[in-house]
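> Shown below is the structure under consideration.
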Amino acid sequence: MSALPLNAAEPPAKLLRSPKTTAGRFIAKRTLRSSLILGVILSLYMLIKASSYIKAYPSEIARQKLAESLGGNVGIEALLGVAHRIDTVSGYLTWNFLCLIAATGAIWALVVATKTFRGEEDAGRWELFLAGQTTPRRAAINAFAGLASGLLLLYIVIALAVLSIGRLNNAGFSDSAGLFFSLSLVAGAAEFMAVGAVASQLMPVRSRAAGVSAAVFGLFYMVRLIADSTTAHWLLNFSPLGWIERLQPMYNARPMWLLPIGGFVIVLIATAVWLAGRRDLYEGIVADKDTATPKTSLLHSPLAAVLRLNCTVIAGWLAAVAAIAFLYGELAKSAAQIVDSASVKPLLSRLAQSAHTQAVLTFLGFTFFFVTLVIMVYVANALGRMRSDEANGYLDNFLVRPLSRLRWLSGRVLLIVLGVIVACLISAVAAWAGEASQHVGVSIRTLLLAGANNIAPTLLVLGIGVFAYGIIPRLTSLLAYGAIGWSFLVTMLSSGLNINHWLLDTSIFHQVALAPAVNANWSTDAVLLIVGLVLGVIGAVRFNQRDLQGD
Amino acid sequence: MDAAIKTEGLTKRYGSFVALAPLNIEVQKGEILGYLGPNGAGKTTTIRSILGLIKPSAGRAMIFGLDTQSNKVEAHQRLAYIPGESTFWPNLTGGETLYLLGKINGKIDKKYMTELIKKFQFDPTKKVRTYSKGNRQKINIIAAFMTRADLLIMDEPTSGLDPIMEQAFKECALEARANGQTIFLSSHVLEEVEALCDRIAILRSGKLVELGTLPQMRHLSALSVEATFETKPPRVDHIKGVSNVRVIGHQLTCQIRGPIEPLLAAIIAGHPKSLLSREPSLEELFLSLYGGEKINKDQPQ
């Protein structure tokens, strides 16, 4: 007997789709959405940045001046890679976007790959696919096909943006060069999608797979950074992110570097598929102890349990914040040399609202801006995990017992608040350690105040997230990340465009003084805190009244 | 004296869909109430409303006189819940999970917990992610019984358990009743409900359709009759109250509601070789209530 349609209105074409590709279609559907959002954000950023460059430096002389002021700066090259021909639109684009977008795409790909290859299994959904007409290896290939469709969409969106830039006045690069450049931009995503897939086969749970993938990314990022900021440029050959830089897509293109990139991706995909067939469901290749003597530390209350269950994740975030702040602090002295240059002045002057601050302090202000962004992403991630606990049924275990919803929620929120405060203070200490190692001479008190200045805007994101959690729980992550993304985008766009002040005011970053470049504005911080608190209280009240909801 | 559970017009609507029509039910202290219904009938909705996990659209539920919306924590101090399936933290061991759940409950009988671990042959040193469905369900069962709560609310508690463990569960439930604990048991295992429950409530499409003891329900239902003949069985379908007539070879089966004499006279006139009559089982009662009912698969539970 043939399978009956579930819905009489279902089009016959759907019924004819092969059941062998179900996993691939499911993964594709989920990946396409996030790749489209990422693609659009990156494209907007590129379009604005490119048009403001063309507008700000219309002549060859102006561009050469810019190249002289930026070229060879160790700090900036560590962050963005070595500058080649930045007196041209294509060179400037490559330098500004290649490392940045490759790294952003890589992080997105790590998250997506571990979610696909391990998260689905942890949630018990992979088992359903494997029970169908497939094998673990075939299902893995299917999943790669689904992920590849997301990657392809990302490439198309980015390529459209790059080709549009190419058609701008004085852009001066061909469509084929634009397409090659776009390929370079998504290469990082392809590489680390494969890394995430292998890590997911090795580790038994998603958090560990994500941790291993992030560590691999961090290692290769550091190798690239050292290669770009020292004379050891040969080190680029040992990092997949370095290979992307070696492509030099817009200047003296070296497409042969696609070979190691392609080889790396193919070998890792083949490895992941092979490993998928060699392990049991819910197990990793790396053996993990199935039994353990019960340890009851930090299991005496729901709050303590959350701390115990998430301590690795929290420690990872704090370490990342400290590393970034230290690195930027260390680069402050050399990077400050170009802060006064015309290219970054528009952005920094808007952020700092002062054009006459010391260059080092301005760079450190920019450092704290970037660190705040990372801490905000930590908050959004923690909110996502909180929502996920409800959607996956973990919360039921607490709330069917004598524990009030408000007590549970306030515990979770308190933990995030503590995380934010610690992260802000750690970032100050780490930035101080970095700049002190270069004898820059900014006091730790100044940097601690700068760190404290970032607590209020971050807690506003928390307030927005709790508000969403109480009212529309399924959109918690989207709204929290959306608030951060929107604020970042508006702030970035404001450096190249004359944005309406009402629109600019919607950016959280716009409300924050760029300490230590300027003095922290504590009264503004207080307002942000109050707004965050009000939103949080409304969210908590609604959470107390609403139904618990699954996915 | 307050009932263990009392609902007054407890209703849950999702938009225009009524998941639970106004429900008025009382579960007395020390009794075991079986709560039956097909998928989508509203059993889990009832339980989640009683537990305060979802907010009723109207009406209220009380546990020992405590409103489960306004006095949730106090009400939960007197109950323990066994869901049909739970998500536990994969990296904690079974023992650690029981410890955490016990700590949130506040008070547990540690000696009894050890007994339960032994009785259910549960290995608390294994990590949760390595447990089978049945073993994960044992965590729920042990975590609930070890509290010695006054009220145990159970939603498909033996889901995933093997027959030996099902028996162990039944023993624990009967022991709980003997200790004066109350049990609200939602189950699909009719034999389990038949063996344990003092009263049975049957739900259909969000509405309570039957509530009573099993004997009370049997009186309301038809009697099953089975007779074997030397030759072709006589016709009985014209007799008043007779239904579900089936003839297979020389065997006749049917059900009779109302006076049995006309049916007996017809059977005797046919010279039966054997005659068997019995009260309907819970399964037959259940099927007679739901026979042919189309159940909407999308109905929230």
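Following the order of the structure tokens, first chain is A, next is B, and so on, with residues numbered from 1 inside each chain and ligands from 1 in the order they appear.
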Which residues, written as a list in words, have at least one atom at most 9 Å from range 375-380 of chain A, with only C-alpha atoms counted and residues fewer than 6 positions away on the same chain left out?

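Counting only the stated atoms, we get Ile314, Trp317, Leu318, Val321, Ile416, Val417, Gly419, Val420, Ala423, Cys424, Pro457, Thr458, Leu459, Val461, Leu462, Gly465, Thr476, Ser477, Leu478, Leu479, Ala480, Tyr481 and Ile484 of chain A.
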
> Determine which residues of range 36-238 of chain B receive a DSSP assignment of strand (DSSP E or B), computed from the backbone, and state them as a ChimeraX atom specification.

/B:36,58-63,66-67,79-82,93,126-127,151-155,182-186,199-204,207-212,223-229

> Please run DSSP on the backbone and report, as a list in words, all residues within range 181-216 of chain B that come out as alpha helix (DSSP H).

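Those in range 181-216 of chain B that DSSP calls alpha helix (DSSP H) are Leu190, Glu191, Glu192, Val193, Glu194, Ala195, Leu196, Leu214, Pro215 and Gln216 of chain B.
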
> Put those residues in a file: C-alpha atoms, as a CSV table (one decimal), in the first residue's frame.


chain,number,residue,atom,x,y,z
B,190,LEU,CA,-6.2,0.1,30.3
B,191,GLU,CA,-5.2,-3.0,32.1
B,192,GLU,CA,-3.1,-0.8,34.4
B,193,VAL,CA,-6.0,1.6,35.0
B,194,GLU,CA,-8.4,-1.4,35.6
B,195,ALA,CA,-6.0,-2.9,38.1
B,196,LEU,CA,-5.2,0.3,40.1
B,214,LEU,CA,-15.7,0.5,36.9
B,215,PRO,CA,-18.8,-1.5,38.1
B,216,GLN,CA,-20.9,1.6,37.7

> List the spatial neighbours of Gly91 in chain A as a short mmCIF file (atom, residue, chain, number, x, y, z; two decimals) with N, CA and C atoms, in the first residue's frame - criterion: any atom at most 12 Å away, only C-alpha atoms, same-chain residues fewer than 2 positions off excluded.


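Listing of part-v4.cif after writing:
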data_model
loop_
_atom_site.label_atom_id
_atom_site.label_comp_id
_atom_site.auth_asym_id
_atom_site.auth_seq_id
_atom_site.Cartn_x
_atom_site.Cartn_y
_atom_site.Cartn_z
N ALA A 50 31.66 50.88 0.69
CA ALA A 50 32.28 51.16 -0.62
C ALA A 50 31.84 52.52 -1.14
N TYR A 53 33.60 55.28 0.63
CA TYR A 53 35.00 55.39 0.22
C TYR A 53 35.10 56.18 -1.08
N ARG A 63 43.29 59.17 -2.53
CA ARG A 63 43.40 57.74 -2.21
C ARG A 63 44.84 57.37 -1.86
N GLN A 64 45.78 57.99 -2.55
CA GLN A 64 47.18 57.70 -2.25
C GLN A 64 47.54 58.19 -0.85
N ALA A 67 46.32 55.67 1.49
CA ALA A 67 47.17 54.48 1.47
C ALA A 67 48.44 54.72 2.28
N GLY A 71 48.83 52.23 5.24
CA GLY A 71 49.69 51.12 4.84
C GLY A 71 50.80 50.88 5.85
N GLY A 81 44.38 42.40 7.99
CA GLY A 81 45.24 41.78 7.01
C GLY A 81 46.16 42.82 6.36
N VAL A 82 47.11 42.31 5.56
CA VAL A 82 48.07 43.22 4.92
C VAL A 82 47.37 44.01 3.82
N ALA A 83 47.66 45.32 3.79
CA ALA A 83 47.01 46.18 2.80
C ALA A 83 47.76 46.14 1.47
N HIS A 84 47.04 45.86 0.39
CA HIS A 84 47.62 45.91 -0.96
C HIS A 84 46.80 46.88 -1.79
N ARG A 85 47.43 47.84 -2.39
CA ARG A 85 46.78 48.78 -3.32
C ARG A 85 45.46 49.33 -2.77
N ILE A 86 45.54 49.86 -1.56
CA ILE A 86 44.29 50.41 -1.02
C ILE A 86 43.98 51.79 -1.59
N ASP A 87 44.81 52.19 -2.55
CA ASP A 87 44.49 53.43 -3.27
C ASP A 87 43.51 53.15 -4.42
N THR A 88 43.06 51.88 -4.51
CA THR A 88 42.02 51.54 -5.50
C THR A 88 40.79 51.02 -4.76
N VAL A 89 39.64 51.13 -5.41
CA VAL A 89 38.41 50.62 -4.78
C VAL A 89 38.55 49.13 -4.49
N LEU A 93 38.45 47.48 -0.87
CA LEU A 93 37.39 46.50 -0.54
C LEU A 93 38.01 45.22 0.01
N THR A 94 39.05 44.75 -0.69
CA THR A 94 39.69 43.50 -0.27
C THR A 94 40.20 43.64 1.15
N TRP A 95 40.90 44.72 1.37
CA TRP A 95 41.52 44.92 2.68
C TRP A 95 40.47 45.06 3.78
N ASN A 96 39.41 45.79 3.49
CA ASN A 96 38.39 46.04 4.50
C ASN A 96 37.51 44.84 4.79
N PHE A 97 37.23 44.06 3.76
CA PHE A 97 36.20 43.03 3.93
C PHE A 97 36.72 41.60 4.00
N LEU A 98 37.84 41.32 3.34
CA LEU A 98 38.23 39.92 3.17
C LEU A 98 38.37 39.19 4.52
N ALA A 171 34.70 52.45 -9.62
CA ALA A 171 34.98 51.24 -8.86
C ALA A 171 36.12 50.47 -9.52
N GLY A 172 36.07 50.36 -10.80
CA GLY A 172 37.21 49.84 -11.55
C GLY A 172 37.56 48.38 -11.37
N PHE A 173 36.58 47.51 -11.27
CA PHE A 173 36.90 46.07 -11.35
C PHE A 173 35.81 45.35 -12.14
N ALA A 177 36.15 39.56 -11.71
CA ALA A 177 36.94 39.82 -10.49
C ALA A 177 36.01 39.90 -9.28
N GLY A 178 34.84 40.51 -9.48
CA GLY A 178 33.86 40.62 -8.40
C GLY A 178 33.37 39.26 -7.95
N PHE A 181 36.10 37.59 -6.02
CA PHE A 181 36.18 38.22 -4.70
C PHE A 181 35.07 37.67 -3.78
N GLN A 248 44.30 37.01 -2.69
CA GLN A 248 44.39 38.38 -3.21
C GLN A 248 43.40 38.61 -4.36
N PRO A 249 42.15 38.43 -4.09
CA PRO A 249 41.16 38.35 -5.17
C PRO A 249 41.08 39.56 -6.10
N MET A 250 41.36 40.74 -5.55
CA MET A 250 41.17 41.93 -6.39
C MET A 250 42.49 42.50 -6.91
N TYR A 251 43.58 42.01 -6.38
CA TYR A 251 44.87 42.56 -6.80
C TYR A 251 45.82 41.41 -7.02
N ASN A 252 46.29 41.28 -8.25
CA ASN A 252 47.22 40.20 -8.55
C ASN A 252 46.67 38.85 -8.07
N ALA A 253 45.46 38.54 -8.50
CA ALA A 253 44.74 37.36 -8.01
C ALA A 253 45.54 36.07 -8.13
#

> Pick out the residues sitting within 8 Å of range 108-117 of chain A, and hand them over as a ChimeraX atom specification; count only C-alpha atoms, and ignore anything fewer than 6 positions along from it in its own chain.

/A:27,31,140,143,147,189-190,192-197,199-201,206,209-210,213-214

> Restricting it to N, CA and C atoms, dump the selection as a PDB file, in the first residue's frame.


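Heads up, here's the output in result.pdb:
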ATOM      1  N   ILE A  27      17.366  20.496   6.376  1.00  0.00           N
ATOM      2  CA  ILE A  27      18.533  21.317   6.755  1.00  0.00           C
ATOM      3  C   ILE A  27      18.591  22.571   5.866  1.00  0.00           C
ATOM      4  N   THR A  31      18.795  26.429   6.995  1.00  0.00           N
ATOM      5  CA  THR A  31      20.029  27.174   6.749  1.00  0.00           C
ATOM      6  C   THR A  31      19.790  28.391   5.866  1.00  0.00           C
ATOM      7  N   ALA A 140      24.453  12.217   6.268  1.00  0.00           N
ATOM      8  CA  ALA A 140      25.458  13.283   6.421  1.00  0.00           C
ATOM      9  C   ALA A 140      25.677  13.999   5.090  1.00  0.00           C
ATOM     10  N   ALA A 143      22.864  16.239   4.559  1.00  0.00           N
ATOM     11  CA  ALA A 143      22.964  17.443   5.398  1.00  0.00           C
ATOM     12  C   ALA A 143      23.949  18.424   4.777  1.00  0.00           C
ATOM     13  N   LEU A 147      23.353  22.269   3.729  1.00  0.00           N
ATOM     14  CA  LEU A 147      24.210  23.378   4.144  1.00  0.00           C
ATOM     15  C   LEU A 147      24.792  24.098   2.925  1.00  0.00           C
ATOM     16  N   ALA A 189      33.464  30.558   5.342  1.00  0.00           N
ATOM     17  CA  ALA A 189      32.270  29.837   5.783  1.00  0.00           C
ATOM     18  C   ALA A 189      32.351  28.376   5.352  1.00  0.00           C
ATOM     19  N   ALA A 190      32.798  28.142   4.120  1.00  0.00           N
ATOM     20  CA  ALA A 190      32.893  26.757   3.626  1.00  0.00           C
ATOM     21  C   ALA A 190      33.904  25.967   4.450  1.00  0.00           C
ATOM     22  N   PHE A 192      34.989  26.447   7.551  1.00  0.00           N
ATOM     23  CA  PHE A 192      34.643  26.164   8.945  1.00  0.00           C
ATOM     24  C   PHE A 192      33.308  25.437   9.099  1.00  0.00           C
ATOM     25  N   MET A 193      32.549  25.388   8.032  1.00  0.00           N
ATOM     26  CA  MET A 193      31.383  24.501   8.032  1.00  0.00           C
ATOM     27  C   MET A 193      31.893  23.056   8.087  1.00  0.00           C
ATOM     28  N   ALA A 194      32.950  22.802   7.326  1.00  0.00           N
ATOM     29  CA  ALA A 194      33.538  21.463   7.317  1.00  0.00           C
ATOM     30  C   ALA A 194      34.195  21.154   8.660  1.00  0.00           C
ATOM     31  N   VAL A 195      34.848  22.160   9.248  1.00  0.00           N
ATOM     32  CA  VAL A 195      35.471  21.959  10.571  1.00  0.00           C
ATOM     33  C   VAL A 195      34.388  21.611  11.601  1.00  0.00           C
ATOM     34  N   GLY A 196      33.297  22.369  11.584  1.00  0.00           N
ATOM     35  CA  GLY A 196      32.196  22.125  12.519  1.00  0.00           C
ATOM     36  C   GLY A 196      31.607  20.736  12.336  1.00  0.00           C
ATOM     37  N   ALA A 197      31.527  20.294  11.085  1.00  0.00           N
ATOM     38  CA  ALA A 197      30.959  18.961  10.817  1.00  0.00           C
ATOM     39  C   ALA A 197      31.846  17.860  11.386  1.00  0.00           C
ATOM     40  N   ALA A 199      34.048  18.195  13.868  1.00  0.00           N
ATOM     41  CA  ALA A 199      33.994  18.293  15.341  1.00  0.00           C
ATOM     42  C   ALA A 199      32.720  17.642  15.874  1.00  0.00           C
ATOM     43  N   SER A 200      31.635  17.779  15.125  1.00  0.00           N
ATOM     44  CA  SER A 200      30.356  17.195  15.558  1.00  0.00           C
ATOM     45  C   SER A 200      30.392  15.670  15.532  1.00  0.00           C
ATOM     46  N   GLN A 201      31.211  15.112  14.645  1.00  0.00           N
ATOM     47  CA  GLN A 201      31.346  13.652  14.626  1.00  0.00           C
ATOM     48  C   GLN A 201      32.260  13.182  15.756  1.00  0.00           C
ATOM     49  N   ARG A 206      26.672  18.758  21.517  1.00  0.00           N
ATOM     50  CA  ARG A 206      26.882  19.945  20.688  1.00  0.00           C
ATOM     51  C   ARG A 206      27.802  20.972  21.352  1.00  0.00           C
ATOM     52  N   ALA A 209      31.271  20.037  20.728  1.00  0.00           N
ATOM     53  CA  ALA A 209      31.614  20.178  19.301  1.00  0.00           C
ATOM     54  C   ALA A 209      31.828  21.655  18.980  1.00  0.00           C
ATOM     55  N   ALA A 210      30.955  22.507  19.515  1.00  0.00           N
ATOM     56  CA  ALA A 210      31.089  23.942  19.266  1.00  0.00           C
ATOM     57  C   ALA A 210      32.368  24.471  19.897  1.00  0.00           C
ATOM     58  N   SER A 213      35.322  23.379  17.749  1.00  0.00           N
ATOM     59  CA  SER A 213      35.338  24.155  16.496  1.00  0.00           C
ATOM     60  C   SER A 213      35.832  25.576  16.763  1.00  0.00           C
ATOM     61  N   ALA A 214      35.330  26.177  17.859  1.00  0.00           N
ATOM     62  CA  ALA A 214      35.729  27.549  18.176  1.00  0.00           C
ATOM     63  C   ALA A 214      37.221  27.609  18.489  1.00  0.00           C
TER      64      ALA A 214
END

> Compute the set of chain B residues within 7 Å of chain A, using only C-alpha atoms, and express it as a ChimeraX atom specification.

/B:51,53-55,73-74,76-77,81,86-88,93,95-96,100,103-105,125-127,130

> What does the structure give for the distance between CA of Gly258 in chain B and CA of Gly241 in chain B, in Å to one decimal?

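Taking CA of Gly258 in chain B as the start and CA of Gly241 in chain B as the end point, the length is 6.0 Å.
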
> Might you pull out every residue within 7 Å of Leu276 in chain B, with only C-alpha atoms counted and same-chain residues fewer than 3 positions away left off, and present them as a list in words?

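Close residues of Leu276 in chain B: Val225, Glu226 and Ala227 of chain B.
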
> Keeping only N, CA, C and O atoms, write those residues as a JSON list (two decimals), in the first residue's frame.


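Result written to again-v9.json:
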[["chain", "number", "residue", "atom", "x", "y", "z"],
["B", 225, "VAL", "N", -22.14, -11.46, 24.85],
["B", 225, "VAL", "CA", -22.67, -12.84, 24.84],
["B", 225, "VAL", "C", -22.01, -13.59, 23.69],
["B", 225, "VAL", "O", -21.87, -13.06, 22.58],
["B", 226, "GLU", "N", -21.57, -14.84, 24.00],
["B", 226, "GLU", "CA", -20.91, -15.64, 22.98],
["B", 226, "GLU", "C", -21.51, -17.05, 23.07],
["B", 226, "GLU", "O", -21.52, -17.66, 24.14],
["B", 227, "ALA", "N", -22.03, -17.57, 21.95],
["B", 227, "ALA", "CA", -22.65, -18.91, 21.97],
["B", 227, "ALA", "C", -22.19, -19.72, 20.76],
["B", 227, "ALA", "O", -21.97, -19.16, 19.69]]

> For range 152-159 of chain B, please output as a PDB file with N, CA, C and O atoms, in the first residue's frame all residues within 6 Å (counting only C-alpha atoms; exclusion window: fewer than 3 positions along the same chain).


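Below is the file that was written, around.pdb:
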ATOM      1  N   LEU B  79       2.575  18.108  45.872  1.00  0.00           N
ATOM      2  CA  LEU B  79       2.394  17.135  44.786  1.00  0.00           C
ATOM      3  C   LEU B  79       3.717  16.738  44.141  1.00  0.00           C
ATOM      4  O   LEU B  79       4.733  17.408  44.303  1.00  0.00           O
ATOM      5  N   ALA B  80       3.669  15.645  43.429  1.00  0.00           N
ATOM      6  CA  ALA B  80       4.791  15.234  42.590  1.00  0.00           C
ATOM      7  C   ALA B  80       4.194  14.821  41.247  1.00  0.00           C
ATOM      8  O   ALA B  80       3.061  14.341  41.194  1.00  0.00           O
ATOM      9  N   TYR B  81       4.966  15.028  40.202  1.00  0.00           N
ATOM     10  CA  TYR B  81       4.437  14.813  38.851  1.00  0.00           C
ATOM     11  C   TYR B  81       5.328  13.841  38.085  1.00  0.00           C
ATOM     12  O   TYR B  81       6.553  13.950  38.119  1.00  0.00           O
ATOM     13  N   ILE B  82       4.695  12.893  37.426  1.00  0.00           N
ATOM     14  CA  ILE B  82       5.440  11.978  36.544  1.00  0.00           C
ATOM     15  C   ILE B  82       4.958  12.222  35.117  1.00  0.00           C
ATOM     16  O   ILE B  82       3.846  11.814  34.765  1.00  0.00           O
ATOM     17  N   PRO B  83       5.764  12.872  34.295  1.00  0.00           N
ATOM     18  CA  PRO B  83       5.364  13.039  32.896  1.00  0.00           C
ATOM     19  C   PRO B  83       5.644  11.767  32.106  1.00  0.00           C
ATOM     20  O   PRO B  83       6.374  10.889  32.576  1.00  0.00           O
ATOM     21  N   GLY B  84       5.061  11.678  30.923  1.00  0.00           N
ATOM     22  CA  GLY B  84       5.281  10.496  30.092  1.00  0.00           C
ATOM     23  C   GLY B  84       6.671  10.482  29.500  1.00  0.00           C
ATOM     24  O   GLY B  84       7.232   9.444  29.179  1.00  0.00           O
ATOM     25  N   ILE B 183      -3.659   9.559  43.887  1.00  0.00           N
ATOM     26  CA  ILE B 183      -3.027   9.455  42.565  1.00  0.00           C
ATOM     27  C   ILE B 183      -4.020   9.844  41.472  1.00  0.00           C
ATOM     28  O   ILE B 183      -5.160   9.372  41.448  1.00  0.00           O
ATOM     29  N   PHE B 184      -3.565  10.706  40.599  1.00  0.00           N
ATOM     30  CA  PHE B 184      -4.329  11.068  39.401  1.00  0.00           C
ATOM     31  C   PHE B 184      -3.556  10.455  38.239  1.00  0.00           C
ATOM     32  O   PHE B 184      -2.455  10.880  37.915  1.00  0.00           O
ATOM     33  N   LEU B 185      -4.135   9.424  37.647  1.00  0.00           N
ATOM     34  CA  LEU B 185      -3.381   8.626  36.670  1.00  0.00           C
ATOM     35  C   LEU B 185      -3.978   8.735  35.275  1.00  0.00           C
ATOM     36  O   LEU B 185      -5.059   8.218  35.001  1.00  0.00           O
ATOM     37  N   SER B 186      -3.257   9.410  34.404  1.00  0.00           N
ATOM     38  CA  SER B 186      -3.662   9.454  33.004  1.00  0.00           C
ATOM     39  C   SER B 186      -2.882   8.366  32.288  1.00  0.00           C
ATOM     40  O   SER B 186      -1.652   8.326  32.375  1.00  0.00           O
ATOM     41  N   SER B 187      -3.586   7.478  31.622  1.00  0.00           N
ATOM     42  CA  SER B 187      -2.879   6.349  31.012  1.00  0.00           C
ATOM     43  C   SER B 187      -3.636   5.809  29.814  1.00  0.00           C
ATOM     44  O   SER B 187      -4.847   5.946  29.698  1.00  0.00           O
TER      45      SER B 187
END
